[in-house]
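See below for the structure under consideration.
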Amino acid sequence: MVTRIETTRDQIRESVRSRVYRSDTLGADWEEVRYLHADDLALRAAPGLDECRLSYVYGEICREDDNRFQLYEPLDLIGSYVKVVLPEATLEGEDITWYGIVEIDDSMPHGSGAQGDKPRGRQRFTAYGLSRLLERVVILSSQIDASQDTEFPEQAVTVEYGEPFNVHSKAQATRRGNRTTDHPHDNSSEAHWFSRTPTTDAVWTADQAVRYLLENHPPLDGDDEPVCEWRLDGLPGDVRLSWYDPQVNTDGRTVKSVLDDLIPFRRGLSYTVRYDESPGPRGRVTIEPFSFSVEELTLEDDRILPANGFPCELDFENALDVEARIVESVTTSYDEVVAIGAFATSTCTLSFGKITNDMGSGFQVYNDWTPEQQLAYLNGASGQSGYNSLSRVKQYEANTRFRQRDDLRPVFRRWRLYEFWDGLVWNYETAESSATKYSFNPPWQTDDKTGWSQRDTKATADPIQPYSEKNDVPHYAAARLGIEPFLPLVDYGDYSGTAIATGSWKTAVPVEREWQYLSPLLFVITDNTSPLSPKYDLLERLAEQSSNERQLRRWSATMRILPDRPALEINVQGAPQHFLATYVAGAFQGLEPFNDPRREQGIDYDMLRTTLCLRLPWRVQRRIKIRQEPVAGRPWRRLLIPVDARLDYVVPDTVVRISNGRAERSTGGFVRDDRLRLAQIAKAAARWYQTERQSLFFRIRGVVETVRLGQLVTSVGGRYTLEGINTPVTGIRYDLLQQTTELETSMAQVDFG
């Protein structure tokens with residue numbers, strides 16, 4: 001229900017003069033400090049801090065309520081708690097009470113007075129709200145459940161580092177929770193602990209994380225006792241903080257900064273702080289979240305972003321001395337929402353080639369060195385003066401040194417994606433004429449929820465370089481594709497056969513384990529005596545074992561993805577680099593027998609195969625228009641929402657593992673597809689930004705609580721000046737010198753990501 005508040009002439013009251021009290025600790029008796037007055041009191045929603053400026057005149061002076069001079073010593077308030085009371089300042093005639101801690105004493109000495117040699121002057125103190133105490137607490141420990149799979153009873157152990165709230169699962173696009181499944185001691189009023197084994201069914205909500213934070217990291221005194229009790233408003237599971245799962249680091253950060261991340265503007269939320277003296281021996285600070293939403297929003301996963309619980313309307317048309325300023329900013333008004341993720345990827349198995357063909361599908365990975373460099377490598381030092389006079393052993397040594405020159409490093413080592421590759425891949429041990437060919441680009445899917453349209457899997461439906469005829473080859477510039485240094489496959493998964501298409505690979509991945517992405521595969525045909533069933537080996541393990549026992553080798557090789565372009569390096573260990581090029585061994589000058597690849601089990605690099613993850617030059621995204629009718633000449637206002645979303649495709653016939661000399665292939669599919677999640681985020685954001693919002697600055701004569709911090713102002717004005725606001729109050733300032741009250745509202749840039 002929307003409350004209507006009318007600011008009339010009746011609100012213009014007599015001047016309000018503050019009363020200020022001090023105490024060394026919370027919970028102790030308050031001592032009134034006479035003649036200490038509040039000049040102004042600023043209340044701010046998080047991440048801001050409340051601030052109160054106080055002043056006190058000291059020296060040998062005559063006070064306004066006395067008729068004689070007395071000596072008043074300067075006050076020592078640094079570190080003291082203060083209570084500021086504004087008598088009868090609410091609309092109901094009740095007191096406004098604020099609590100804080102003094103941190104600044106900015107004195108202005110005036111010298112000696114006329115009545116003696118005693119110093120006099122004015123002290124100006126600055127006190128901050130009690131949430132300032134949370135900025136002094138640094139998180140350097142965590143409470144972890146020690147009873148999991150152990151003989152210990154239910155208890156927590158303290159580890160000397162701050163655990164993050166939730167960790168990300170790379171492969172499953174879900175956050176893995178690292179909290180205990182049950183409450184400690186089966187008591188729902190106790191906050192969860194951290195768990196030693198992250199799982200997908202124990203994800204922290206913001207509500208649970210805040211309760212843990214306040215229970216385990218409150219501000220402490222010198223005896224390691226809480227300075228007061230700290231609590232989150234509402235019962236556990238309160239809907240205000242339970243509709244999203246945060247991912248927040250804690251180690252080395254202050255409790256205040258972590259709390260601001262758990263209840264952030266980007267979620268359409270903020271919070272205020274309220275202190276009550278009565279609960280417990282030292283009172284209680286309550287964190288009170290509030291929503292920026294005008295109406296309740298049901299999200300795609302059926303979770304609910306709640307509406308602000310205290311909406312109100314302001315009518316000031318009959319008031320005196322009122323200033324209202326309404327701001328509508330183009331930066332918070334949009335025509336289109338775009339939820340955008342990472343670059344899409346395609347994982348496929350590619351072959352190496354020696355010579356160019358008719359710009360077809362013969363190979364995809366091509367040598368990245370010049371013919372001149374290769375010729376120099378083959379000739380070695382034979383062209384240098386005095387070479388022929390050297391002994392054979394010295395010629396071997398000279399050739400070895402020459403072939404190790406930096407300018408010849410790329411030879412037989414550096415490879416790139418072929419610029420005339422037509423984008424088709426297949427099983428390369430199958431004759432090209434009979435092979436089933438697939439586009440390396442992910443196929444679109446017809447889906448009403450995501451809005452993607454059907455796409456042909458042929459190369460004619462290429463989003464990078466469309467072309468009409470299959471035989472027209474697009475020119476893929478090397479810079480337009482990239483190679484990721486990983487495969488989007490985790491080390492616990494079995495991706496062979498239909499495992500990706502059916503999703504059965506996920507059952508092999510233990511949810512309680514940490515896993516890593518696999519490295520790109522580099523393998524070679526080591527036995528081609530049976531063309532239909534060749535034997536393969538990983539190059540990095542050639543020196544350890546071989547699928548063909550007749551071809552045991554003393555050398556191996558590793559692959560490195562180059563970071564700046566779609567290229568890679570293959571580095572041979574245990575032998576010269578030319579052990580990848582047996583076919584040219586006869587052209588070497590001065591090649592010692594021990595380093596002859598024909599005699600020492602070298603290979604031809606056209607027998608090499610590699611499974612790579614190609615980074616495509618387009619990002620996975622979802623767009624929703626808020627305004628359907630663009631206006632010619634008017635800038636189109638687009639909100640980009642970065643989301644941790646991926647689209648990882650595996651092409652059919654991709655080799656996903658080498659096992660016992662066999663190449664295990666996948667029928668293909670998406671190992672991660674976040675398009676539905678992007679659509680949900682874009683849809684929720686579009687609904688949020690369809691509501692017009694404006695910020696409000698409002699000043700009224702008199703110190704009076706017109707609205708409270710966190711209340712949502714739906715409109716302001718009257719029937720002649722009615723304006724839609726739809727933003728919550730995030731700042732209130734009481735100026736006790738000018739006797740005015742100012743309030744302001746703010747907008748949240750909600751991203752739902």
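How things are named: the first chain in the structure tokens is A, the next is B, and so on; residues count from 1 in each chain; ligands count from 1 in the order shown.
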
* Pick out the residues sitting within 8 Å of Thr254 (chain A), and hand them over as a list in words; count only C-alpha atoms, and ignore anything fewer than 3 positions along from it in its own chain. =>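 Those residues are Leu134, Glu135, Arg136, Val137, Val138, Ile139, Thr250, Ser257 and Val258 of chain A.
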
* To do: Rank nothing, just name the residue among A:Tyr418, A:Tyr81, A:Tyr734, A:Tyr72 nearest to Ala28 (chain A), using only C-alpha atoms.
  =>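 Looking at the shortest contact to Ala28 (chain A), the residue is A:Tyr81.
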
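Shell of Val102 (chain A) at 6 Å, with only C-alpha atoms counted and residues fewer than 5 places along the chain excluded, is Ile78, Gly79, Ser80, Thr126 and Ala127 of chain A.
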
Would you please give, as a PDB file with N, CA and C atoms, in the first residue's frame, all residues of region 38-173 of chain A that DSSP assigns to strand (DSSP E) based on the backbone?
```pdb
ATOM      1  N   ALA A  38      24.792  19.350  17.477  1.00  0.00           N
ATOM      2  CA  ALA A  38      24.936  18.844  16.106  1.00  0.00           C
ATOM      3  C   ALA A  38      24.643  19.973  15.136  1.00  0.00           C
ATOM      4  N   ASP A  39      25.595  20.220  14.225  1.00  0.00           N
ATOM      5  CA  ASP A  39      25.375  21.225  13.183  1.00  0.00           C
ATOM      6  C   ASP A  39      24.575  20.639  12.022  1.00  0.00           C
ATOM      7  N   ASP A  40      24.913  19.434  11.640  1.00  0.00           N
ATOM      8  CA  ASP A  40      24.106  18.749  10.626  1.00  0.00           C
ATOM      9  C   ASP A  40      24.284  17.246  10.789  1.00  0.00           C
ATOM     10  N   LEU A  41      23.277  16.514  10.365  1.00  0.00           N
ATOM     11  CA  LEU A  41      23.260  15.059  10.455  1.00  0.00           C
ATOM     12  C   LEU A  41      22.866  14.515   9.087  1.00  0.00           C
ATOM     13  N   ALA A  42      23.777  13.739   8.480  1.00  0.00           N
ATOM     14  CA  ALA A  42      23.534  13.163   7.150  1.00  0.00           C
ATOM     15  C   ALA A  42      23.372  11.662   7.286  1.00  0.00           C
ATOM     16  N   LEU A  43      22.211  11.165   6.893  1.00  0.00           N
ATOM     17  CA  LEU A  43      21.938   9.729   6.900  1.00  0.00           C
ATOM     18  C   LEU A  43      22.077   9.210   5.474  1.00  0.00           C
ATOM     19  N   ARG A  44      22.821   8.133   5.296  1.00  0.00           N
ATOM     20  CA  ARG A  44      23.077   7.609   3.956  1.00  0.00           C
ATOM     21  C   ARG A  44      22.889   6.104   3.931  1.00  0.00           C
ATOM     22  N   GLU A  51      26.957  10.428   8.722  1.00  0.00           N
ATOM     23  CA  GLU A  51      27.963  11.372   9.204  1.00  0.00           C
ATOM     24  C   GLU A  51      27.263  12.495   9.957  1.00  0.00           C
ATOM     25  N   CYS A  52      27.821  12.831  11.104  1.00  0.00           N
ATOM     26  CA  CYS A  52      27.272  13.926  11.920  1.00  0.00           C
ATOM     27  C   CYS A  52      28.406  14.862  12.309  1.00  0.00           C
ATOM     28  N   ARG A  53      28.192  16.155  12.068  1.00  0.00           N
ATOM     29  CA  ARG A  53      29.175  17.157  12.465  1.00  0.00           C
ATOM     30  C   ARG A  53      28.666  17.887  13.699  1.00  0.00           C
ATOM     31  N   LEU A  54      29.525  17.916  14.710  1.00  0.00           N
ATOM     32  CA  LEU A  54      29.168  18.526  15.990  1.00  0.00           C
ATOM     33  C   LEU A  54      30.124  19.673  16.295  1.00  0.00           C
ATOM     34  N   SER A  55      29.678  20.627  17.076  1.00  0.00           N
ATOM     35  CA  SER A  55      30.537  21.758  17.440  1.00  0.00           C
ATOM     36  C   SER A  55      30.405  22.052  18.930  1.00  0.00           C
ATOM     37  N   TYR A  56      31.513  22.578  19.472  1.00  0.00           N
ATOM     38  CA  TYR A  56      31.565  22.891  20.910  1.00  0.00           C
ATOM     39  C   TYR A  56      32.517  24.062  21.101  1.00  0.00           C
ATOM     40  N   VAL A  57      32.061  25.080  21.829  1.00  0.00           N
ATOM     41  CA  VAL A  57      32.875  26.257  22.130  1.00  0.00           C
ATOM     42  C   VAL A  57      33.448  26.099  23.531  1.00  0.00           C
ATOM     43  N   TYR A  58      34.776  26.261  23.644  1.00  0.00           N
ATOM     44  CA  TYR A  58      35.425  26.117  24.948  1.00  0.00           C
ATOM     45  C   TYR A  58      36.156  27.416  25.293  1.00  0.00           C
ATOM     46  N   GLY A  59      36.591  27.499  26.540  1.00  0.00           N
ATOM     47  CA  GLY A  59      37.294  28.680  27.032  1.00  0.00           C
ATOM     48  C   GLY A  59      36.542  29.316  28.195  1.00  0.00           C
ATOM     49  N   GLU A  60      36.982  30.512  28.594  1.00  0.00           N
ATOM     50  CA  GLU A  60      36.322  31.250  29.670  1.00  0.00           C
ATOM     51  C   GLU A  60      35.282  32.160  29.019  1.00  0.00           C
ATOM     52  N   ILE A  61      34.044  31.661  28.966  1.00  0.00           N
ATOM     53  CA  ILE A  61      32.986  32.330  28.216  1.00  0.00           C
ATOM     54  C   ILE A  61      31.711  32.342  29.025  1.00  0.00           C
ATOM     55  N   GLN A  70      32.430  31.456  32.849  1.00  0.00           N
ATOM     56  CA  GLN A  70      32.992  30.252  33.461  1.00  0.00           C
ATOM     57  C   GLN A  70      33.996  29.637  32.502  1.00  0.00           C
ATOM     58  N   LEU A  71      34.896  28.845  33.058  1.00  0.00           N
ATOM     59  CA  LEU A  71      35.892  28.171  32.236  1.00  0.00           C
ATOM     60  C   LEU A  71      35.353  26.814  31.791  1.00  0.00           C
ATOM     61  N   TYR A  72      35.312  26.609  30.491  1.00  0.00           N
ATOM     62  CA  TYR A  72      34.885  25.331  29.914  1.00  0.00           C
ATOM     63  C   TYR A  72      36.076  24.720  29.175  1.00  0.00           C
ATOM     64  N   TYR A  81      31.500   6.921  21.779  1.00  0.00           N
ATOM     65  CA  TYR A  81      30.207   6.772  21.126  1.00  0.00           C
ATOM     66  C   TYR A  81      29.357   7.984  21.472  1.00  0.00           C
ATOM     67  N   VAL A  82      28.546   8.428  20.515  1.00  0.00           N
ATOM     68  CA  VAL A  82      27.657   9.552  20.761  1.00  0.00           C
ATOM     69  C   VAL A  82      26.238   9.170  20.361  1.00  0.00           C
ATOM     70  N   LYS A  83      25.308   9.761  21.074  1.00  0.00           N
ATOM     71  CA  LYS A  83      23.889   9.638  20.738  1.00  0.00           C
ATOM     72  C   LYS A  83      23.353  11.039  20.508  1.00  0.00           C
ATOM     73  N   VAL A  84      22.801  11.250  19.324  1.00  0.00           N
ATOM     74  CA  VAL A  84      22.260  12.558  18.962  1.00  0.00           C
ATOM     75  C   VAL A  84      20.744  12.441  18.901  1.00  0.00           C
ATOM     76  N   VAL A  85      20.072  13.332  19.622  1.00  0.00           N
ATOM     77  CA  VAL A  85      18.612  13.321  19.680  1.00  0.00           C
ATOM     78  C   VAL A  85      18.088  14.623  19.086  1.00  0.00           C
ATOM     79  N   LEU A  86      17.188  14.492  18.111  1.00  0.00           N
ATOM     80  CA  LEU A  86      16.477  15.651  17.567  1.00  0.00           C
ATOM     81  C   LEU A  86      15.059  15.587  18.103  1.00  0.00           C
ATOM     82  N   ILE A  96      13.922  11.903  16.853  1.00  0.00           N
ATOM     83  CA  ILE A  96      14.841  11.177  15.977  1.00  0.00           C
ATOM     84  C   ILE A  96      16.113  10.931  16.777  1.00  0.00           C
ATOM     85  N   THR A  97      16.544   9.669  16.846  1.00  0.00           N
ATOM     86  CA  THR A  97      17.737   9.314  17.619  1.00  0.00           C
ATOM     87  C   THR A  97      18.750   8.650  16.698  1.00  0.00           C
ATOM     88  N   TRP A  98      19.997   9.111  16.793  1.00  0.00           N
ATOM     89  CA  TRP A  98      21.065   8.587  15.932  1.00  0.00           C
ATOM     90  C   TRP A  98      22.267   8.250  16.785  1.00  0.00           C
ATOM     91  N   TYR A  99      22.979   7.181  16.407  1.00  0.00           N
ATOM     92  CA  TYR A  99      24.146   6.721  17.152  1.00  0.00           C
ATOM     93  C   TYR A  99      25.356   6.671  16.222  1.00  0.00           C
ATOM     94  N   GLY A 100      26.497   7.047  16.776  1.00  0.00           N
ATOM     95  CA  GLY A 100      27.715   7.018  15.980  1.00  0.00           C
ATOM     96  C   GLY A 100      28.943   6.971  16.853  1.00  0.00           C
ATOM     97  N   ILE A 101      30.105   7.095  16.208  1.00  0.00           N
ATOM     98  CA  ILE A 101      31.383   7.077  16.914  1.00  0.00           C
ATOM     99  C   ILE A 101      32.224   8.238  16.392  1.00  0.00           C
ATOM    100  N   VAL A 102      32.848   8.988  17.320  1.00  0.00           N
ATOM    101  CA  VAL A 102      33.617  10.188  16.975  1.00  0.00           C
ATOM    102  C   VAL A 102      35.002   9.773  16.498  1.00  0.00           C
ATOM    103  N   GLU A 103      35.397  10.314  15.343  1.00  0.00           N
ATOM    104  CA  GLU A 103      36.709   9.973  14.790  1.00  0.00           C
ATOM    105  C   GLU A 103      37.566  11.194  14.495  1.00  0.00           C
ATOM    106  N   ILE A 104      36.974  12.379  14.379  1.00  0.00           N
ATOM    107  CA  ILE A 104      37.745  13.569  13.998  1.00  0.00           C
ATOM    108  C   ILE A 104      37.459  14.699  14.981  1.00  0.00           C
ATOM    109  N   ASP A 105      38.535  15.336  15.461  1.00  0.00           N
ATOM    110  CA  ASP A 105      38.441  16.544  16.286  1.00  0.00           C
ATOM    111  C   ASP A 105      39.200  17.640  15.543  1.00  0.00           C
ATOM    112  N   ASP A 106      38.471  18.535  14.917  1.00  0.00           N
ATOM    113  CA  ASP A 106      39.061  19.603  14.108  1.00  0.00           C
ATOM    114  C   ASP A 106      38.926  20.905  14.880  1.00  0.00           C
ATOM    115  N   SER A 107      39.904  21.200  15.752  1.00  0.00           N
ATOM    116  CA  SER A 107      39.814  22.353  16.654  1.00  0.00           C
ATOM    117  C   SER A 107      40.239  23.639  15.964  1.00  0.00           C
ATOM    118  N   MET A 108      39.604  24.747  16.377  1.00  0.00           N
ATOM    119  CA  MET A 108      39.939  26.082  15.870  1.00  0.00           C
ATOM    120  C   MET A 108      40.213  26.985  17.077  1.00  0.00           C
ATOM    121  N   PRO A 109      41.483  27.051  17.551  1.00  0.00           N
ATOM    122  CA  PRO A 109      41.789  27.910  18.714  1.00  0.00           C
ATOM    123  C   PRO A 109      41.675  29.387  18.358  1.00  0.00           C
ATOM    124  N   HIS A 110      41.167  30.163  19.304  1.00  0.00           N
ATOM    125  CA  HIS A 110      40.970  31.602  19.097  1.00  0.00           C
ATOM    126  C   HIS A 110      41.908  32.436  19.952  1.00  0.00           C
ATOM    127  N   GLY A 111      42.869  31.810  20.624  1.00  0.00           N
ATOM    128  CA  GLY A 111      43.745  32.567  21.509  1.00  0.00           C
ATOM    129  C   GLY A 111      43.117  32.729  22.886  1.00  0.00           C
ATOM    130  N   SER A 112      43.598  33.743  23.647  1.00  0.00           N
ATOM    131  CA  SER A 112      43.086  33.986  24.995  1.00  0.00           C
ATOM    132  C   SER A 112      41.937  34.965  24.948  1.00  0.00           C
ATOM    133  N   PRO A 119      43.009  29.671  27.232  1.00  0.00           N
ATOM    134  CA  PRO A 119      42.736  29.549  25.788  1.00  0.00           C
ATOM    135  C   PRO A 119      41.259  29.314  25.529  1.00  0.00           C
ATOM    136  N   ARG A 120      40.837  29.725  24.374  1.00  0.00           N
ATOM    137  CA  ARG A 120      39.448  29.510  23.970  1.00  0.00           C
ATOM    138  C   ARG A 120      39.424  29.191  22.474  1.00  0.00           C
ATOM    139  N   GLY A 121      38.315  28.646  22.044  1.00  0.00           N
ATOM    140  CA  GLY A 121      38.197  28.293  20.640  1.00  0.00           C
ATOM    141  C   GLY A 121      36.958  27.448  20.383  1.00  0.00           C
ATOM    142  N   ARG A 122      36.920  26.817  19.216  1.00  0.00           N
ATOM    143  CA  ARG A 122      35.773  25.988  18.831  1.00  0.00           C
ATOM    144  C   ARG A 122      36.296  24.628  18.338  1.00  0.00           C
ATOM    145  N   GLN A 123      35.686  23.598  18.860  1.00  0.00           N
ATOM    146  CA  GLN A 123      35.975  22.249  18.398  1.00  0.00           C
ATOM    147  C   GLN A 123      34.876  21.788  17.446  1.00  0.00           C
ATOM    148  N   ARG A 124      35.306  21.199  16.341  1.00  0.00           N
ATOM    149  CA  ARG A 124      34.353  20.612  15.398  1.00  0.00           C
ATOM    150  C   ARG A 124      34.659  19.117  15.309  1.00  0.00           C
ATOM    151  N   PHE A 125      33.717  18.337  15.736  1.00  0.00           N
ATOM    152  CA  PHE A 125      33.869  16.887  15.743  1.00  0.00           C
ATOM    153  C   PHE A 125      33.095  16.283  14.563  1.00  0.00           C
ATOM    154  N   THR A 126      33.634  15.183  14.041  1.00  0.00           N
ATOM    155  CA  THR A 126      32.928  14.411  13.023  1.00  0.00           C
ATOM    156  C   THR A 126      32.723  12.999  13.548  1.00  0.00           C
ATOM    157  N   ALA A 127      31.470  12.589  13.585  1.00  0.00           N
ATOM    158  CA  ALA A 127      31.118  11.235  14.023  1.00  0.00           C
ATOM    159  C   ALA A 127      30.509  10.483  12.847  1.00  0.00           C
ATOM    160  N   TYR A 128      30.827   9.201  12.742  1.00  0.00           N
ATOM    161  CA  TYR A 128      30.289   8.354  11.676  1.00  0.00           C
ATOM    162  C   TYR A 128      29.332   7.332  12.260  1.00  0.00           C
ATOM    163  N   GLY A 129      28.433   6.849  11.405  1.00  0.00           N
ATOM    164  CA  GLY A 129      27.480   5.845  11.840  1.00  0.00           C
ATOM    165  C   GLY A 129      28.169   4.558  12.265  1.00  0.00           C
ATOM    166  N   SER A 142      38.201 -18.027   8.653  1.00  0.00           N
ATOM    167  CA  SER A 142      36.899 -18.580   8.276  1.00  0.00           C
ATOM    168  C   SER A 142      36.563 -19.728   9.211  1.00  0.00           C
ATOM    169  N   GLN A 143      35.265 -19.975   9.348  1.00  0.00           N
ATOM    170  CA  GLN A 143      34.781 -21.101  10.135  1.00  0.00           C
ATOM    171  C   GLN A 143      34.377 -22.225   9.178  1.00  0.00           C
ATOM    172  N   ILE A 144      35.094 -23.345   9.253  1.00  0.00           N
ATOM    173  CA  ILE A 144      34.858 -24.466   8.353  1.00  0.00           C
ATOM    174  C   ILE A 144      34.403 -25.670   9.154  1.00  0.00           C
ATOM    175  N   ASP A 145      33.389 -26.345   8.664  1.00  0.00           N
ATOM    176  CA  ASP A 145      32.838 -27.519   9.331  1.00  0.00           C
ATOM    177  C   ASP A 145      33.900 -28.615   9.398  1.00  0.00           C
ATOM    178  N   ALA A 156      33.088 -26.445  14.329  1.00  0.00           N
ATOM    179  CA  ALA A 156      33.799 -25.698  13.294  1.00  0.00           C
ATOM    180  C   ALA A 156      35.237 -25.489  13.728  1.00  0.00           C
ATOM    181  N   VAL A 157      36.127 -25.471  12.756  1.00  0.00           N
ATOM    182  CA  VAL A 157      37.522 -25.127  13.019  1.00  0.00           C
ATOM    183  C   VAL A 157      37.809 -23.805  12.325  1.00  0.00           C
ATOM    184  N   THR A 158      38.714 -23.050  12.898  1.00  0.00           N
ATOM    185  CA  THR A 158      39.086 -21.754  12.342  1.00  0.00           C
ATOM    186  C   THR A 158      40.317 -21.918  11.466  1.00  0.00           C
ATOM    187  N   VAL A 159      40.199 -21.508  10.211  1.00  0.00           N
ATOM    188  CA  VAL A 159      41.353 -21.488   9.311  1.00  0.00           C
ATOM    189  C   VAL A 159      41.774 -20.040   9.121  1.00  0.00           C
ATOM    190  N   VAL A 167      32.012 -20.670  -5.234  1.00  0.00           N
ATOM    191  CA  VAL A 167      33.063 -20.759  -6.241  1.00  0.00           C
ATOM    192  C   VAL A 167      32.413 -21.142  -7.548  1.00  0.00           C
ATOM    193  N   HIS A 168      33.076 -20.792  -8.639  1.00  0.00           N
ATOM    194  CA  HIS A 168      32.457 -20.983  -9.948  1.00  0.00           C
ATOM    195  C   HIS A 168      32.843 -22.316 -10.550  1.00  0.00           C
TER     196      HIS A 168
END
```
